[in-house]
>>> print(open('data.cif').read())   # mmCIF, C-alpha atoms and all ligand atoms; chains and numbers go by the auth columns
data_my_file
loop_
_atom_site.group_PDB
_atom_site.id
_atom_site.type_symbol
_atom_site.label_atom_id
_atom_site.label_comp_id
_atom_site.label_asym_id
_atom_site.label_seq_id
_atom_site.Cartn_x
_atom_site.Cartn_y
_atom_site.Cartn_z
_atom_site.B_iso_or_equiv
_atom_site.auth_seq_id
_atom_site.auth_asym_id
ATOM 1 C CA MET A 1 66.670 54.719 24.183 0.00 1 A
ATOM 2 C CA ILE A 2 66.200 52.779 20.979 0.00 2 A
ATOM 3 C CA LYS A 3 62.551 52.027 20.177 0.00 3 A
ATOM 4 C CA LEU A 4 62.736 48.619 18.534 0.00 4 A
ATOM 5 C CA PHE A 5 58.981 48.602 17.777 0.00 5 A
ATOM 6 C CA GLU A 6 59.400 51.519 15.385 0.00 6 A
ATOM 7 C CA GLU A 7 61.377 49.335 12.988 0.00 7 A
ATOM 8 C CA ASP A 8 59.674 46.038 13.759 0.00 8 A
ATOM 9 C CA SER A 9 56.290 46.056 15.468 0.00 9 A
ATOM 10 C CA TYR A 10 56.251 42.223 15.367 0.00 10 A
ATOM 11 C CA LEU A 11 59.240 41.888 17.693 0.00 11 A
ATOM 12 C CA GLN A 12 58.051 40.030 20.802 0.00 12 A
ATOM 13 C CA GLU A 13 61.358 39.290 22.557 0.00 13 A
ATOM 14 C CA PHE A 14 64.629 41.188 22.778 0.00 14 A
ATOM 15 C CA GLU A 15 67.824 41.502 24.824 0.00 15 A
ATOM 16 C CA SER A 16 68.849 44.729 26.463 0.00 16 A
ATOM 17 C CA GLN A 17 70.521 46.323 29.449 0.00 17 A
ATOM 18 C CA ILE A 18 69.194 48.426 32.321 0.00 18 A
ATOM 19 C CA ILE A 19 70.494 52.003 32.109 0.00 19 A
ATOM 20 C CA SER A 20 68.560 53.618 34.957 0.00 20 A
ATOM 21 C CA ILE A 21 66.292 52.676 37.861 0.00 21 A
ATOM 22 C CA ASP A 22 63.804 54.731 39.832 0.00 22 A
ATOM 23 C CA ASN A 23 63.383 52.741 43.057 0.00 23 A
ATOM 24 C CA THR A 24 60.610 54.950 44.408 0.00 24 A
ATOM 25 C CA ASN A 25 58.258 54.401 41.481 0.00 25 A
ATOM 26 C CA ASN A 26 59.543 50.986 40.307 0.00 26 A
ATOM 27 C CA LEU A 27 60.555 52.339 36.909 0.00 27 A
ATOM 28 C CA ILE A 28 63.209 50.783 34.685 0.00 28 A
ATOM 29 C CA GLU A 29 64.865 52.402 31.687 0.00 29 A
ATOM 30 C CA LEU A 30 66.487 50.112 29.119 0.00 30 A
ATOM 31 C CA GLU A 31 69.087 50.777 26.438 0.00 31 A
ATOM 32 C CA LYS A 32 66.573 49.568 23.834 0.00 32 A
ATOM 33 C CA THR A 33 63.076 48.169 24.071 0.00 33 A
ATOM 34 C CA ALA A 34 60.222 46.564 22.138 0.00 34 A
ATOM 35 C CA PHE A 35 57.679 47.731 24.761 0.00 35 A
ATOM 36 C CA TYR A 36 55.400 50.432 23.385 0.00 36 A
ATOM 37 C CA GLY A 37 54.892 53.342 25.786 0.00 37 A
ATOM 38 C CA LYS A 38 51.353 54.510 26.467 0.00 38 A
ATOM 39 C CA GLY A 39 50.573 57.376 24.113 0.00 39 A
ATOM 40 C CA GLY A 40 48.503 58.585 21.188 0.00 40 A
ATOM 41 C CA GLY A 41 45.481 56.755 22.611 0.00 41 A
ATOM 42 C CA GLN A 42 47.266 53.393 22.584 0.00 42 A
ATOM 43 C CA PRO A 43 47.829 51.630 25.939 0.00 43 A
ATOM 44 C CA GLY A 44 51.371 50.794 27.029 0.00 44 A
ATOM 45 C CA ASP A 45 52.679 47.234 26.694 0.00 45 A
ATOM 46 C CA VAL A 46 52.879 44.772 29.555 0.00 46 A
ATOM 47 C CA GLY A 47 55.110 41.706 29.779 0.00 47 A
ATOM 48 C CA THR A 48 58.207 40.469 31.588 0.00 48 A
ATOM 49 C CA LEU A 49 61.900 41.214 32.084 0.00 49 A
ATOM 50 C CA THR A 50 64.024 38.131 32.795 0.00 50 A
ATOM 51 C CA THR A 51 67.559 38.076 34.203 0.00 51 A
ATOM 52 C CA GLU A 52 69.816 35.152 35.176 0.00 52 A
ATOM 53 C CA LEU A 53 68.193 35.252 38.620 0.00 53 A
ATOM 54 C CA GLU A 54 64.520 36.012 38.155 0.00 54 A
ATOM 55 C CA THR A 55 61.594 37.220 36.089 0.00 55 A
ATOM 56 C CA VAL A 56 59.862 40.483 36.968 0.00 56 A
ATOM 57 C CA GLU A 57 56.517 41.576 35.633 0.00 57 A
ATOM 58 C CA VAL A 58 56.150 44.794 33.609 0.00 58 A
ATOM 59 C CA ILE A 59 52.721 46.189 34.507 0.00 59 A
ATOM 60 C CA GLU A 60 52.841 49.370 32.387 0.00 60 A
ATOM 61 C CA THR A 61 55.110 51.202 29.954 0.00 61 A
ATOM 62 C CA ILE A 62 55.043 54.972 29.997 0.00 62 A
ATOM 63 C CA LYS A 63 56.580 57.751 27.920 0.00 63 A
ATOM 64 C CA LYS A 64 58.744 60.336 29.590 0.00 64 A
ATOM 65 C CA GLU A 65 60.209 63.007 27.327 0.00 65 A
ATOM 66 C CA ASP A 66 62.335 61.116 24.781 0.00 66 A
ATOM 67 C CA THR A 67 62.468 57.851 26.649 0.00 67 A
ATOM 68 C CA LEU A 68 60.238 54.974 27.763 0.00 68 A
ATOM 69 C CA LEU A 69 59.963 53.683 31.309 0.00 69 A
ATOM 70 C CA HIS A 70 58.942 50.144 32.250 0.00 70 A
ATOM 71 C CA GLN A 71 56.958 50.030 35.442 0.00 71 A
ATOM 72 C CA VAL A 72 57.661 46.731 37.208 0.00 72 A
ATOM 73 C CA LYS A 73 55.708 45.063 39.996 0.00 73 A
ATOM 74 C CA SER A 74 58.866 44.898 42.073 0.00 74 A
ATOM 75 C CA ILE A 75 62.491 45.938 41.449 0.00 75 A
ATOM 76 C CA ASN A 76 63.801 42.756 43.205 0.00 76 A
ATOM 77 C CA ASN A 77 67.504 42.364 42.319 0.00 77 A
ATOM 78 C CA LEU A 78 67.505 44.540 39.211 0.00 78 A
ATOM 79 C CA LYS A 79 70.464 46.920 38.998 0.00 79 A
ATOM 80 C CA ILE A 80 71.938 49.361 36.507 0.00 80 A
ATOM 81 C CA GLY A 81 73.917 47.291 34.005 0.00 81 A
ATOM 82 C CA THR A 82 71.846 44.113 34.498 0.00 82 A
ATOM 83 C CA LEU A 83 71.288 42.290 31.206 0.00 83 A
ATOM 84 C CA ILE A 84 67.677 41.371 30.618 0.00 84 A
ATOM 85 C CA LYS A 85 65.546 39.466 28.185 0.00 85 A
ATOM 86 C CA GLY A 86 62.323 41.367 27.548 0.00 86 A
ATOM 87 C CA LYS A 87 59.119 39.725 26.436 0.00 87 A
ATOM 88 C CA ILE A 88 55.927 41.576 25.645 0.00 88 A
ATOM 89 C CA ASN A 89 52.422 40.174 26.111 0.00 89 A
ATOM 90 C CA TRP A 90 51.952 39.483 22.421 0.00 90 A
ATOM 91 C CA ASN A 91 48.244 38.567 22.382 0.00 91 A
ATOM 92 C CA LYS A 92 47.341 41.873 23.930 0.00 92 A
ATOM 93 C CA ARG A 93 49.705 43.917 21.738 0.00 93 A
ATOM 94 C CA TYR A 94 48.710 42.209 18.478 0.00 94 A
ATOM 95 C CA GLN A 95 45.056 42.952 19.171 0.00 95 A
ATOM 96 C CA LEU A 96 45.977 46.613 19.756 0.00 96 A
ATOM 97 C CA MET A 97 47.948 46.662 16.479 0.00 97 A
ATOM 98 C CA ARG A 98 44.898 45.413 14.572 0.00 98 A
ATOM 99 C CA MET A 99 42.674 47.969 16.311 0.00 99 A
ATOM 100 C CA HIS A 100 45.122 50.807 15.790 0.00 100 A
ATOM 101 C CA THR A 101 45.424 50.050 12.069 0.00 101 A
ATOM 102 C CA ALA A 102 41.617 49.824 11.839 0.00 102 A
ATOM 103 C CA LEU A 103 41.395 53.360 13.244 0.00 103 A
ATOM 104 C CA HIS A 104 43.657 54.606 10.433 0.00 104 A
ATOM 105 C CA LEU A 105 41.153 53.175 7.960 0.00 105 A
ATOM 106 C CA LEU A 106 38.266 54.806 9.810 0.00 106 A
ATOM 107 C CA CYS A 107 40.172 58.063 9.627 0.00 107 A
ATOM 108 C CA ALA A 108 40.582 57.577 5.876 0.00 108 A
ATOM 109 C CA VAL A 109 36.850 57.129 5.236 0.00 109 A
ATOM 110 C CA VAL A 110 35.820 60.024 7.494 0.00 110 A
ATOM 111 C CA PRO A 111 37.708 63.015 6.024 0.00 111 A
ATOM 112 C CA LEU A 112 37.324 65.294 9.070 0.00 112 A
ATOM 113 C CA GLY A 113 39.643 66.466 11.831 0.00 113 A
ATOM 114 C CA VAL A 114 40.252 63.989 14.664 0.00 114 A
ATOM 115 C CA THR A 115 39.861 65.495 18.129 0.00 115 A
ATOM 116 C CA GLY A 116 40.596 62.426 20.240 0.00 116 A
ATOM 117 C CA GLY A 117 40.681 58.671 20.410 0.00 117 A
ATOM 118 C CA GLN A 118 41.198 55.594 22.503 0.00 118 A
ATOM 119 C CA ILE A 119 42.404 52.131 21.525 0.00 119 A
ATOM 120 C CA GLY A 120 41.232 49.120 23.505 0.00 120 A
ATOM 121 C CA ASN A 121 41.379 45.362 23.079 0.00 121 A
ATOM 122 C CA LEU A 122 37.652 44.954 22.473 0.00 122 A
ATOM 123 C CA LYS A 123 36.511 48.419 21.454 0.00 123 A
ATOM 124 C CA SER A 124 38.187 51.520 20.081 0.00 124 A
ATOM 125 C CA ARG A 125 36.982 54.970 19.169 0.00 125 A
ATOM 126 C CA LEU A 126 37.805 58.186 17.381 0.00 126 A
ATOM 127 C CA ASP A 127 36.228 61.582 17.980 0.00 127 A
ATOM 128 C CA PHE A 128 35.696 63.766 14.917 0.00 128 A
ATOM 129 C CA ASN A 129 35.226 67.475 14.517 0.00 129 A
ATOM 130 C CA ALA A 130 31.781 66.863 13.007 0.00 130 A
ATOM 131 C CA ASP A 131 28.158 67.858 13.329 0.00 131 A
ATOM 132 C CA ALA A 132 25.088 65.611 13.095 0.00 132 A
ATOM 133 C CA ASN A 133 24.839 65.826 9.308 0.00 133 A
ATOM 134 C CA SER A 134 28.393 64.905 8.371 0.00 134 A
ATOM 135 C CA ILE A 135 28.443 61.345 9.758 0.00 135 A
ATOM 136 C CA ASN A 136 26.485 58.528 8.145 0.00 136 A
ATOM 137 C CA LYS A 137 26.980 55.176 9.853 0.00 137 A
ATOM 138 C CA GLU A 138 25.871 53.007 6.917 0.00 138 A
ATOM 139 C CA LYS A 139 28.049 54.875 4.432 0.00 139 A
ATOM 140 C CA ILE A 140 31.119 54.587 6.677 0.00 140 A
ATOM 141 C CA GLN A 141 30.532 50.847 7.129 0.00 141 A
ATOM 142 C CA GLU A 142 30.116 50.389 3.380 0.00 142 A
ATOM 143 C CA LYS A 143 33.327 52.274 2.574 0.00 143 A
ATOM 144 C CA LEU A 144 35.297 50.256 5.125 0.00 144 A
ATOM 145 C CA ASN A 145 33.969 46.977 3.734 0.00 145 A
ATOM 146 C CA GLN A 146 35.008 48.143 0.278 0.00 146 A
ATOM 147 C CA ILE A 147 38.577 48.931 1.423 0.00 147 A
ATOM 148 C CA LEU A 148 38.892 45.605 3.245 0.00 148 A
ATOM 149 C CA LYS A 149 37.969 43.633 0.120 0.00 149 A
ATOM 150 C CA ASN A 150 41.559 44.192 -0.996 0.00 150 A
ATOM 151 C CA ASP A 151 44.703 43.506 0.998 0.00 151 A
ATOM 152 C CA HIS A 152 46.669 46.745 1.436 0.00 152 A
ATOM 153 C CA ARG A 153 50.239 46.877 2.707 0.00 153 A
ATOM 154 C CA ILE A 154 51.318 49.181 5.516 0.00 154 A
ATOM 155 C CA ILE A 155 54.722 50.788 4.998 0.00 155 A
ATOM 156 C CA TYR A 156 56.790 53.464 6.755 0.00 156 A
ATOM 157 C CA GLU A 157 58.651 56.514 5.506 0.00 157 A
ATOM 158 C CA TRP A 158 60.716 58.936 7.580 0.00 158 A
ATOM 159 C CA ILE A 159 60.737 62.678 6.944 0.00 159 A
ATOM 160 C CA GLU A 160 62.453 65.639 8.581 0.00 160 A
ATOM 161 C CA SER A 161 60.116 67.443 10.986 0.00 161 A
ATOM 162 C CA GLU A 162 60.559 70.733 9.033 0.00 162 A
ATOM 163 C CA GLU A 163 59.278 68.935 5.950 0.00 163 A
ATOM 164 C CA LEU A 164 56.123 67.924 7.805 0.00 164 A
ATOM 165 C CA GLU A 165 55.553 71.511 8.912 0.00 165 A
ATOM 166 C CA LYS A 166 55.239 72.350 5.214 0.00 166 A
ATOM 167 C CA LYS A 167 52.523 69.700 4.814 0.00 167 A
ATOM 168 C CA PRO A 168 50.132 70.355 7.713 0.00 168 A
ATOM 169 C CA GLU A 169 47.327 68.584 5.810 0.00 169 A
ATOM 170 C CA LEU A 170 49.010 65.265 6.661 0.00 170 A
ATOM 171 C CA VAL A 171 48.365 65.691 10.373 0.00 171 A
ATOM 172 C CA ARG A 172 44.891 64.336 11.062 0.00 172 A
ATOM 173 C CA THR A 173 44.893 64.379 14.833 0.00 173 A
ATOM 174 C CA MET A 174 44.439 67.988 15.812 0.00 174 A
ATOM 175 C CA SER A 175 45.580 67.766 19.438 0.00 175 A
ATOM 176 C CA VAL A 176 48.501 65.306 19.363 0.00 176 A
ATOM 177 C CA LYS A 177 51.932 66.137 17.936 0.00 177 A
ATOM 178 C CA PRO A 178 53.551 63.183 16.156 0.00 178 A
ATOM 179 C CA PRO A 179 56.576 61.847 18.084 0.00 179 A
ATOM 180 C CA LYS A 180 60.092 62.634 16.816 0.00 180 A
ATOM 181 C CA THR A 181 63.028 60.227 16.641 0.00 181 A
ATOM 182 C CA ASN A 182 66.382 61.952 16.016 0.00 182 A
ATOM 183 C CA GLY A 183 64.540 64.966 14.582 0.00 183 A
ATOM 184 C CA LYS A 184 62.610 62.790 12.161 0.00 184 A
ATOM 185 C CA ILE A 185 58.958 61.872 11.992 0.00 185 A
ATOM 186 C CA ARG A 186 57.585 58.576 10.784 0.00 186 A
ATOM 187 C CA LEU A 187 54.856 58.531 8.181 0.00 187 A
ATOM 188 C CA VAL A 188 52.554 55.532 8.027 0.00 188 A
ATOM 189 C CA LYS A 189 51.261 54.687 4.578 0.00 189 A
ATOM 190 C CA ILE A 190 48.398 52.247 4.016 0.00 190 A
ATOM 191 C CA GLY A 191 48.266 51.419 0.308 0.00 191 A
ATOM 192 C CA ASP A 192 46.958 54.545 -1.393 0.00 192 A
ATOM 193 C CA ILE A 193 44.266 54.952 1.278 0.00 193 A
ATOM 194 C CA ASP A 194 45.898 56.696 4.208 0.00 194 A
ATOM 195 C CA LEU A 195 49.123 58.614 4.850 0.00 195 A
ATOM 196 C CA GLN A 196 49.787 60.293 8.177 0.00 196 A
ATOM 197 C CA PRO A 197 52.488 60.716 10.798 0.00 197 A
ATOM 198 C CA CYS A 198 52.138 58.170 13.606 0.00 198 A
ATOM 199 C CA GLY A 199 54.400 56.633 16.240 0.00 199 A
ATOM 200 C CA GLY A 200 52.108 53.714 17.072 0.00 200 A
ATOM 201 C CA THR A 201 52.273 50.022 16.191 0.00 201 A
ATOM 202 C CA HIS A 202 50.484 48.661 13.108 0.00 202 A
ATOM 203 C CA VAL A 203 49.950 45.345 11.339 0.00 203 A
ATOM 204 C CA LYS A 204 51.713 44.699 8.003 0.00 204 A
ATOM 205 C CA LYS A 205 48.645 44.284 5.849 0.00 205 A
ATOM 206 C CA THR A 206 44.973 45.133 6.195 0.00 206 A
ATOM 207 C CA SER A 207 43.871 41.467 5.856 0.00 207 A
ATOM 208 C CA GLU A 208 45.212 40.957 9.403 0.00 208 A
ATOM 209 C CA ILE A 209 42.467 43.227 10.738 0.00 209 A
ATOM 210 C CA GLY A 210 39.607 41.045 9.505 0.00 210 A
ATOM 211 C CA SER A 211 36.259 42.892 9.507 0.00 211 A
ATOM 212 C CA ILE A 212 35.626 46.224 11.177 0.00 212 A
ATOM 213 C CA ILE A 213 32.211 46.757 12.740 0.00 213 A
ATOM 214 C CA ILE A 214 30.991 50.312 13.231 0.00 214 A
ATOM 215 C CA GLY A 215 29.259 50.546 16.595 0.00 215 A
ATOM 216 C CA LYS A 216 27.515 53.387 18.332 0.00 216 A
ATOM 217 C CA ILE A 217 27.932 56.931 17.064 0.00 217 A
ATOM 218 C CA GLU A 218 27.750 59.213 20.072 0.00 218 A
ATOM 219 C CA ASN A 219 26.985 62.882 20.265 0.00 219 A
ATOM 220 C CA LYS A 220 29.718 64.466 22.377 0.00 220 A
ATOM 221 C CA GLY A 221 28.923 68.113 21.718 0.00 221 A
ATOM 222 C CA LYS A 222 27.930 70.465 18.931 0.00 222 A
ATOM 223 C CA MET A 223 31.008 69.706 16.821 0.00 223 A
ATOM 224 C CA ASN A 224 32.050 66.349 18.232 0.00 224 A
ATOM 225 C CA ARG A 225 30.913 62.911 17.108 0.00 225 A
ATOM 226 C CA ARG A 226 32.408 59.753 18.580 0.00 226 A
ATOM 227 C CA ILE A 227 32.583 56.680 16.334 0.00 227 A
ATOM 228 C CA ASN A 228 33.053 53.340 18.131 0.00 228 A
ATOM 229 C CA ILE A 229 34.429 50.289 16.358 0.00 229 A
ATOM 230 C CA SER A 230 35.027 46.647 17.141 0.00 230 A
ATOM 231 C CA LEU A 231 36.593 43.795 15.157 0.00 231 A
ATOM 232 C CA SER A 232 34.769 40.641 14.098 0.00 232 A
ATOM 233 C CA ASP A 233 36.991 38.398 16.274 0.00 233 A
HETATM 234 ZN ZN ZN B . 49.108 54.707 13.687 0.00 301 B
#
>>> encode(input="data.cif", output="structure tokens")
Amino acid sequence: MIKLFEEDSYLQEFESQIISIDNTNNLIELEKTAFYGKGGGQPGDVGTLTTELETVEVIETIKKEDTLLHQVKSINNLKIGTLIKGKINWNKRYQLMRMHTALHLLCAVVPLGVTGGQIGNLKSRLDFNADANSINKEKIQEKLNQILKNDHRIIYEWIESEELEKKPELVRTMSVKPPKTNGKIRLVKIGDIDLQPCGGTHVKKTSEIGSIIIGKIENKGKMNRRINISLSD
């Protein structure tokens, strides 16, 4: 399974071929795909698969071991070997890309371990290994505004997984292991602000995010503070 979104997160349409079908659960595996599979707090993509005969709706994309499975509303006439044209719901995905990249910036201005997170279209959040005194809402907002004054590029670098094991400080999310592709791990670099392994989808430059608004900071336990964010549009 080739994950086309790893090389180009802006790819909205692609051609591929069905390599396996699970008729019981309506799951389709493709030779390559631009659909992101639910994981790392980011929802899976939805969209459509179109053949010469019909268009079927993809209602969820899930990760299973090294591959991604497209859950369709109905299998209809789809068969192994069928050529398809895939199209992702771009409005939804692009919003998630902006949110996801915004969470990297939040991570950069709050230098504490991340214990969890969730990305949504309207609201996203990260949980930090923090007590009441280590989070200051106004300061975080100010630092984010400062970063967003300049336009920073997001670029990718691949490293061997053994190399990453030697640099554990790069891994910010304590509970999630970064995904591997052919034994390699992708590092996401945002200007000189943030560098961490991540398999998610990001925008190309921080100006695409717009403004980030820090919302409620919730107390989720002695050493757990949840920071909610939204975007200005
Ligand atoms: Zn990421």
>>> residues_near_ligand(input="data.cif", ligand="ligand ZN 301 (chain B)", cutoff="6 Å", atoms="only C-alpha atoms and all ligand atoms", output="PyMOL selection string")
chain A and resi 100+198+200
>>> write_last_selection(input="data.cif", atoms="C-alpha atoms", output="PDB file, keeping the file's coordinate frame")
ATOM      1  CA  HIS A 100      45.122  50.807  15.790  1.00  0.00           C
ATOM      2  CA  CYS A 198      52.138  58.170  13.606  1.00  0.00           C
ATOM      3  CA  GLY A 200      52.108  53.714  17.072  1.00  0.00           C
TER       4      GLY A 200
END
>>> resolve_selection(input="data.cif", expression="the PyMOL selection byres (((chain A and resi 106) around 10) and not hetatm)", output="PyMOL selection string")
chain A and resi 100-105+107-111+125-126+140-141+143-144+194+212+214+227-229
>>> resolve_selection(input="data.cif", expression="the PyMOL selection byres (((chain A and resi 27) around 8) and not hetatm)", output="JSON list (two decimals) with C-alpha atoms, in the coordinates of the input")
[["chain", "number", "residue", "atom", "x", "y", "z"],
["A", 21, "ILE", "CA", 66.29, 52.68, 37.86],
["A", 22, "ASP", "CA", 63.80, 54.73, 39.83],
["A", 23, "ASN", "CA", 63.38, 52.74, 43.06],
["A", 24, "THR", "CA", 60.61, 54.95, 44.41],
["A", 25, "ASN", "CA", 58.26, 54.40, 41.48],
["A", 26, "ASN", "CA", 59.54, 50.99, 40.31],
["A", 28, "ILE", "CA", 63.21, 50.78, 34.68],
["A", 29, "GLU", "CA", 64.86, 52.40, 31.69],
["A", 69, "LEU", "CA", 59.96, 53.68, 31.31],
["A", 70, "HIS", "CA", 58.94, 50.14, 32.25],
["A", 71, "GLN", "CA", 56.96, 50.03, 35.44],
["A", 72, "VAL", "CA", 57.66, 46.73, 37.21]]
>>> closest_residue(input="data.cif", among="A:Ser161, A:Gln95, A:Thr50, A:Gln196", to="Asn182 of chain A", atoms="only C-alpha atoms")
A:Ser161
>>> residues_around(input="data.cif", residues="Lys180 of chain A", least_positions_apart="3", cutoff="10 Å", atoms="all atoms listed in the file", output="ChimeraX atom specification")
/A:66,158-161,177,183-186,197-199
